[in-house]
Structure formats: C-alpha cells, structure tokens
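Have a look at the structure below, then the notes.
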Amino acid sequence: MTQEQTIHPTLHILNKSPGHPRFVTCLAALHEGDTLALAENGVLAVTDSTTSLPRNCVALGADLEARGLAGNPKVQIISYGELVRLTAEHSRTVSW
C-alpha cells in the first residue's frame with residue numbers, strides 16, 4: 001500500500017442515543033482502527049444490551065455521571081482532556 005492509499009483512523013464522536021437513526025449510521029461507518037467516543041446521550045449505549053460497541057470505544061465520564069451511569073465497565077471512561085488528545089491523535093474526526 002502506498003502512502004496515498006494508507007487508511008488513517010477516524011475518531012467518531014457520537015452524541016445520539018441508541019434509538020436515533022444517526023447512532024446506527026455511525027456504527028455502520030466504523031472501520032478497523034477507528035475509535036468511537038460516546039458523549040452526551042450517546043453514553044446511554046452502555047446500558048443497551050442490543051448494541052454491540054466496538055473494541056475501541058470510550059465514553060466521557062462527565063456524561064456518564066450526569067446520567068447516573070458512572071462506573072460502567074463496558075467502556076473505557078475518559079475526561080474532556082483525553083477527548084482533546086484523541087482528536088489530535090486521529091487523522092479525521094466525525095461528529096454524529
């Protein structure tokens with residue numbers, strides 16, 4: 001693969017709840033190496049047993065806490081500072 005053909009990972013920031021059409025569209029758009037960051041109502045996915053979250057999934061701790069979901073072991077919990085770091089580490093960021 002040449003440098004022009006190299007696929008760079010994308011950070012997907014998802015703030016829609018599992019019942020929202022954009023939530024499903026976002027999950028379908030994920031590729032190997034991408035990271036999914038759950039924010040706002042997106043963090044509700046940690047309680048949805050019908051949703052299969054990718055291995056590279058993180059959730060904002062403040063949003064989990066605001067919704068009474070703090071301490072959920074289904075995802076890695078990050079801070080706003082860590083979200084900023086993720087945006088710098090990924091070649092693209094898409095907000096859903």
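Every chain in the structure tokens has a letter given in the order shown (A, B, ...), and although residue numbers restart at 1 in each chain, ligands are simply numbered from 1 in the order shown.
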With only C-alpha atoms as the counted atoms, please give the residues lying no more than 12 Å from His12 of chain A, apart from itself and same-chain residues fewer than 3 positions off, as a PyMOL selection string. chain A and resi 9+15-16+22-23+25-31+33-39+42+54+56-59+83+86-87+90-96
Store the residues picked out above in a file with N, CA, C and O atoms, as a short mmCIF file (atom, residue, chain, number, x, y, z; two decimals), in the first residue's frame.
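So the final result, stored in part.cif, reads:
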```
data_model
loop_
_atom_site.label_atom_id
_atom_site.label_comp_id
_atom_site.auth_asym_id
_atom_site.auth_seq_id
_atom_site.Cartn_x
_atom_site.Cartn_y
_atom_site.Cartn_z
N PRO A 9 -6.89 6.22 10.75
CA PRO A 9 -8.04 6.02 11.64
C PRO A 9 -8.84 7.31 11.85
O PRO A 9 -8.30 8.40 11.80
N ASN A 15 -23.08 11.57 19.81
CA ASN A 15 -23.85 12.12 20.93
C ASN A 15 -25.33 11.77 20.85
O ASN A 15 -26.14 12.32 21.58
N LYS A 16 -25.68 10.85 19.97
CA LYS A 16 -27.09 10.42 19.83
C LYS A 16 -27.32 9.13 20.61
O LYS A 16 -26.45 8.27 20.69
N ARG A 22 -29.06 8.26 13.48
CA ARG A 22 -27.64 8.57 13.30
C ARG A 22 -26.74 7.65 14.13
O ARG A 22 -25.59 7.42 13.78
N PHE A 23 -27.27 7.09 15.22
CA PHE A 23 -26.50 6.16 16.03
C PHE A 23 -26.16 4.92 15.20
O PHE A 23 -25.01 4.50 15.13
N THR A 25 -26.23 4.66 11.90
CA THR A 25 -25.40 5.07 10.77
C THR A 25 -23.94 5.19 11.20
O THR A 25 -23.03 4.76 10.48
N CYS A 26 -23.70 5.74 12.37
CA CYS A 26 -22.35 5.89 12.88
C CYS A 26 -21.70 4.52 13.06
O CYS A 26 -20.57 4.30 12.62
N LEU A 27 -22.38 3.60 13.72
CA LEU A 27 -21.81 2.28 13.95
C LEU A 27 -21.49 1.58 12.64
O LEU A 27 -20.47 0.89 12.52
N ALA A 28 -22.34 1.77 11.63
CA ALA A 28 -22.10 1.16 10.32
C ALA A 28 -20.90 1.78 9.61
O ALA A 28 -20.29 1.13 8.76
N ALA A 29 -20.55 3.00 9.94
CA ALA A 29 -19.45 3.70 9.28
C ALA A 29 -18.08 3.39 9.90
O ALA A 29 -17.06 3.78 9.36
N LEU A 30 -18.06 2.70 11.03
CA LEU A 30 -16.79 2.40 11.70
C LEU A 30 -15.96 1.40 10.90
O LEU A 30 -16.49 0.45 10.35
N HIS A 31 -14.65 1.65 10.87
CA HIS A 31 -13.70 0.76 10.21
C HIS A 31 -12.65 0.32 11.22
O HIS A 31 -12.50 0.93 12.29
N GLY A 33 -9.53 0.12 13.30
CA GLY A 33 -8.62 1.17 13.72
C GLY A 33 -9.30 2.45 14.15
O GLY A 33 -8.67 3.31 14.75
N ASP A 34 -10.59 2.61 13.82
CA ASP A 34 -11.34 3.80 14.24
C ASP A 34 -11.62 3.73 15.73
O ASP A 34 -11.62 2.65 16.33
N THR A 35 -11.88 4.89 16.31
CA THR A 35 -12.26 4.97 17.72
C THR A 35 -13.64 5.61 17.80
O THR A 35 -13.93 6.58 17.10
N LEU A 36 -14.49 5.05 18.64
CA LEU A 36 -15.82 5.60 18.89
C LEU A 36 -15.80 6.24 20.27
O LEU A 36 -15.50 5.60 21.27
N ALA A 37 -16.13 7.54 20.32
CA ALA A 37 -16.21 8.26 21.59
C ALA A 37 -17.68 8.60 21.84
O ALA A 37 -18.30 9.31 21.05
N LEU A 38 -18.22 8.08 22.92
CA LEU A 38 -19.61 8.34 23.28
C LEU A 38 -19.68 9.59 24.15
O LEU A 38 -18.95 9.72 25.13
N ALA A 39 -20.58 10.51 23.78
CA ALA A 39 -20.76 11.75 24.51
C ALA A 39 -22.25 12.02 24.65
O ALA A 39 -23.07 11.44 23.94
N GLY A 42 -25.19 9.73 23.81
CA GLY A 42 -24.53 8.55 23.25
C GLY A 42 -24.08 7.57 24.31
O GLY A 42 -24.00 6.37 24.07
N PRO A 54 -17.82 -1.23 19.57
CA PRO A 54 -16.51 -1.70 19.10
C PRO A 54 -15.48 -1.77 20.22
O PRO A 54 -15.66 -1.17 21.28
N ASN A 56 -12.57 -0.38 20.32
CA ASN A 56 -12.02 0.96 20.55
C ASN A 56 -13.14 1.94 20.86
O ASN A 56 -13.43 2.84 20.09
N CYS A 57 -13.78 1.76 21.99
CA CYS A 57 -14.89 2.61 22.39
C CYS A 57 -14.58 3.24 23.74
O CYS A 57 -14.16 2.55 24.67
N VAL A 58 -14.79 4.55 23.81
CA VAL A 58 -14.58 5.29 25.05
C VAL A 58 -15.83 6.12 25.32
O VAL A 58 -16.64 6.35 24.43
N ALA A 59 -16.00 6.55 26.55
CA ALA A 59 -17.15 7.39 26.91
C ALA A 59 -16.70 8.49 27.86
O ALA A 59 -15.84 8.26 28.72
N LEU A 83 -10.34 13.47 25.52
CA LEU A 83 -11.03 13.57 24.23
C LEU A 83 -10.27 14.49 23.29
O LEU A 83 -10.11 14.20 22.10
N LEU A 86 -7.39 12.60 21.91
CA LEU A 86 -7.82 11.69 20.86
C LEU A 86 -8.02 12.41 19.53
O LEU A 86 -7.69 11.87 18.47
N THR A 87 -8.57 13.62 19.57
CA THR A 87 -8.76 14.36 18.32
C THR A 87 -7.42 14.67 17.67
O THR A 87 -7.31 14.68 16.44
N HIS A 90 -5.92 11.28 15.95
CA HIS A 90 -6.60 10.73 14.77
C HIS A 90 -6.50 11.70 13.60
O HIS A 90 -6.51 12.92 13.77
N SER A 91 -6.44 11.14 12.41
CA SER A 91 -6.29 11.99 11.23
C SER A 91 -7.59 12.69 10.85
O SER A 91 -7.56 13.74 10.21
N ARG A 92 -8.72 12.10 11.25
CA ARG A 92 -10.03 12.72 10.98
C ARG A 92 -10.91 12.58 12.20
O ARG A 92 -10.81 11.62 12.94
N THR A 93 -11.82 13.55 12.35
CA THR A 93 -12.83 13.48 13.40
C THR A 93 -14.19 13.73 12.78
O THR A 93 -14.35 14.69 12.02
N VAL A 94 -15.15 12.86 13.08
CA VAL A 94 -16.51 13.00 12.58
C VAL A 94 -17.44 13.06 13.78
O VAL A 94 -17.38 12.20 14.65
N SER A 95 -18.27 14.08 13.83
CA SER A 95 -19.25 14.20 14.92
C SER A 95 -20.61 13.76 14.39
O SER A 95 -21.05 14.18 13.32
N TRP A 96 -21.25 12.91 15.17
CA TRP A 96 -22.56 12.37 14.79
C TRP A 96 -23.62 12.90 15.72
O TRP A 96 -23.49 12.95 16.87
#
```
Within 9 Å of Val46 of chain A using only C-alpha atoms, minus same-chain residues under 4 positions, as a list in words: Gly42, Thr51, Leu53, Ala59, Leu69, Asn72, Pro73, Lys74 and Val75 of chain A
Preceding selection exported with C-alpha atoms as a short mmCIF file (atom, residue, chain, number, x, y, z; two decimals), in the first residue's frame:
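Saved to selection.cif:
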```
data_model
loop_
_atom_site.label_atom_id
_atom_site.label_comp_id
_atom_site.auth_asym_id
_atom_site.auth_seq_id
_atom_site.Cartn_x
_atom_site.Cartn_y
_atom_site.Cartn_z
CA GLY A 42 -24.53 8.55 23.25
CA THR A 51 -25.93 -2.57 20.97
CA LEU A 53 -19.89 -1.47 20.83
CA ALA A 59 -17.15 7.39 26.91
CA LEU A 69 -24.04 5.60 34.70
CA ASN A 72 -19.90 1.20 33.95
CA PRO A 73 -17.20 -1.30 32.96
CA LYS A 74 -18.44 -1.76 29.36
CA VAL A 75 -16.23 1.06 28.01
#
```
Could you check the closest approach to Thr50 of chain A for each of A:Val24, A:Ile77, A:Thr10, A:Arg85 and tell me which residue wins, using only C-alpha atoms?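 Nearest to Thr50 of chain A: A:Val24.
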Write out as a ChimeraX atom specification the residues lying within 12 Å of Arg67 of chain A, counting only C-alpha atoms and excluding same-chain residues fewer than 6 positions away. /A:39-47,60-61
What does the structure give for the distance between atom CA of Gly19 of chain A and atom CA of Ile78 of chain A, in Å to one decimal?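 Rounded to one decimal, the two atoms are 23.4 Å apart.
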Hey, can you check how far atom CA of Gly81 of chain A sits from atom CA of Pro18 of chain A?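 For atom CA of Gly81 of chain A relative to atom CA of Pro18 of chain A, the distance reads 24.9 Å.
Atom CA of Gln76 of chain A to atom CA of Ile13 of chain A spans 14.2 Å [interatomic distance, one decimal].
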Just list the residues in chain A DSSP gives helix (DSSP H, G or I) on the backbone, as a PyMOL selection string. chain A and resi 3-5+21-29+40-47+61-66+80-89
Go ahead and write the selection's residues with N, CA, C and O atoms as a compact mmCIF listing (two decimals), in the first residue's frame.
```txt
# COMPACT_ATOMS: atom_id res chain seq x y z
N GLN A 3 1.71 5.40 0.38
CA GLN A 3 1.33 6.37 1.41
C GLN A 3 -0.02 7.00 1.10
O GLN A 3 -0.82 7.25 1.98
N GLU A 4 -0.31 7.25 -0.19
CA GLU A 4 -1.59 7.85 -0.56
C GLU A 4 -2.76 6.92 -0.29
O GLU A 4 -3.88 7.35 -0.09
N GLN A 5 -2.51 5.60 -0.29
CA GLN A 5 -3.57 4.62 -0.10
C GLN A 5 -3.76 4.21 1.36
O GLN A 5 -4.68 3.50 1.68
N PRO A 21 -31.57 7.37 14.50
CA PRO A 21 -31.05 6.83 13.23
C PRO A 21 -29.56 7.11 13.02
O PRO A 21 -28.84 6.29 12.45
N ARG A 22 -29.06 8.26 13.48
CA ARG A 22 -27.64 8.57 13.30
C ARG A 22 -26.74 7.65 14.13
O ARG A 22 -25.59 7.42 13.78
N PHE A 23 -27.27 7.09 15.22
CA PHE A 23 -26.50 6.16 16.03
C PHE A 23 -26.16 4.92 15.20
O PHE A 23 -25.01 4.50 15.13
N VAL A 24 -27.16 4.38 14.53
CA VAL A 24 -26.99 3.19 13.69
C VAL A 24 -26.06 3.50 12.52
O VAL A 24 -25.17 2.71 12.18
N THR A 25 -26.23 4.66 11.90
CA THR A 25 -25.40 5.07 10.77
C THR A 25 -23.94 5.19 11.20
O THR A 25 -23.03 4.76 10.48
N CYS A 26 -23.70 5.74 12.37
CA CYS A 26 -22.35 5.89 12.88
C CYS A 26 -21.70 4.52 13.06
O CYS A 26 -20.57 4.30 12.62
N LEU A 27 -22.38 3.60 13.72
CA LEU A 27 -21.81 2.28 13.95
C LEU A 27 -21.49 1.58 12.64
O LEU A 27 -20.47 0.89 12.52
N ALA A 28 -22.34 1.77 11.63
CA ALA A 28 -22.10 1.16 10.32
C ALA A 28 -20.90 1.78 9.61
O ALA A 28 -20.29 1.13 8.76
N ALA A 29 -20.55 3.00 9.94
CA ALA A 29 -19.45 3.70 9.28
C ALA A 29 -18.08 3.39 9.90
O ALA A 29 -17.06 3.78 9.36
N GLU A 40 -22.60 12.93 25.56
CA GLU A 40 -23.99 13.33 25.80
C GLU A 40 -24.88 12.08 25.85
O GLU A 40 -24.58 11.16 26.59
N ASN A 41 -25.98 12.02 25.08
CA ASN A 41 -26.88 10.86 25.15
C ASN A 41 -26.30 9.61 24.51
O ASN A 41 -26.86 8.52 24.67
N GLY A 42 -25.19 9.73 23.81
CA GLY A 42 -24.53 8.55 23.25
C GLY A 42 -24.08 7.57 24.31
O GLY A 42 -24.00 6.37 24.07
N VAL A 43 -23.80 8.09 25.52
CA VAL A 43 -23.34 7.21 26.60
C VAL A 43 -24.43 6.23 27.05
O VAL A 43 -24.13 5.24 27.70
N LEU A 44 -25.67 6.48 26.67
CA LEU A 44 -26.75 5.56 27.03
C LEU A 44 -26.55 4.18 26.39
O LEU A 44 -27.15 3.20 26.82
N ALA A 45 -25.68 4.10 25.39
CA ALA A 45 -25.40 2.82 24.73
C ALA A 45 -24.79 1.81 25.69
O ALA A 45 -24.91 0.60 25.47
N VAL A 46 -24.16 2.27 26.77
CA VAL A 46 -23.55 1.32 27.71
C VAL A 46 -24.60 0.50 28.44
O VAL A 46 -24.27 -0.55 29.00
N THR A 47 -25.84 0.94 28.45
CA THR A 47 -26.91 0.19 29.11
C THR A 47 -27.77 -0.58 28.13
O THR A 47 -28.66 -1.32 28.53
N GLY A 61 -16.63 10.56 30.93
CA GLY A 61 -17.01 10.31 32.31
C GLY A 61 -18.05 11.28 32.82
O GLY A 61 -18.97 10.89 33.55
N ALA A 62 -17.93 12.55 32.46
CA ALA A 62 -18.88 13.56 32.93
C ALA A 62 -20.29 13.26 32.43
O ALA A 62 -21.27 13.45 33.15
N ASP A 63 -20.40 12.78 31.18
CA ASP A 63 -21.71 12.47 30.63
C ASP A 63 -22.28 11.19 31.24
O ASP A 63 -23.49 11.09 31.46
N LEU A 64 -21.42 10.22 31.52
CA LEU A 64 -21.88 9.01 32.22
C LEU A 64 -22.39 9.38 33.61
O LEU A 64 -23.47 8.94 34.02
N GLU A 65 -21.64 10.19 34.30
CA GLU A 65 -22.02 10.60 35.66
C GLU A 65 -23.32 11.39 35.66
O GLU A 65 -24.19 11.18 36.51
N ALA A 66 -23.49 12.29 34.70
CA ALA A 66 -24.69 13.11 34.62
C ALA A 66 -25.94 12.27 34.40
O ALA A 66 -27.04 12.68 34.76
N TYR A 80 -12.60 15.16 29.38
CA TYR A 80 -12.62 16.07 28.23
C TYR A 80 -11.21 16.27 27.69
O TYR A 80 -11.00 16.34 26.48
N GLY A 81 -10.23 16.35 28.57
CA GLY A 81 -8.84 16.50 28.15
C GLY A 81 -8.37 15.32 27.31
O GLY A 81 -7.65 15.48 26.31
N GLU A 82 -8.79 14.12 27.71
CA GLU A 82 -8.42 12.92 26.94
C GLU A 82 -9.13 12.90 25.59
O GLU A 82 -8.58 12.42 24.60
N LEU A 83 -10.34 13.47 25.52
CA LEU A 83 -11.03 13.57 24.23
C LEU A 83 -10.27 14.49 23.29
O LEU A 83 -10.11 14.20 22.10
N VAL A 84 -9.76 15.59 23.83
CA VAL A 84 -8.94 16.50 23.02
C VAL A 84 -7.70 15.78 22.51
O VAL A 84 -7.32 15.91 21.34
N ARG A 85 -7.07 14.99 23.35
CA ARG A 85 -5.89 14.22 22.95
C ARG A 85 -6.24 13.26 21.82
O ARG A 85 -5.49 13.13 20.85
N LEU A 86 -7.39 12.60 21.91
CA LEU A 86 -7.82 11.69 20.86
C LEU A 86 -8.02 12.41 19.53
O LEU A 86 -7.69 11.87 18.47
N THR A 87 -8.57 13.62 19.57
CA THR A 87 -8.76 14.36 18.32
C THR A 87 -7.42 14.67 17.67
O THR A 87 -7.31 14.68 16.44
N ALA A 88 -6.39 14.91 18.47
CA ALA A 88 -5.06 15.19 17.93
C ALA A 88 -4.39 13.93 17.38
O ALA A 88 -3.61 14.00 16.44
N GLU A 89 -4.71 12.77 17.95
CA GLU A 89 -4.10 11.51 17.53
C GLU A 89 -4.70 10.92 16.26
O GLU A 89 -4.07 10.12 15.60
```
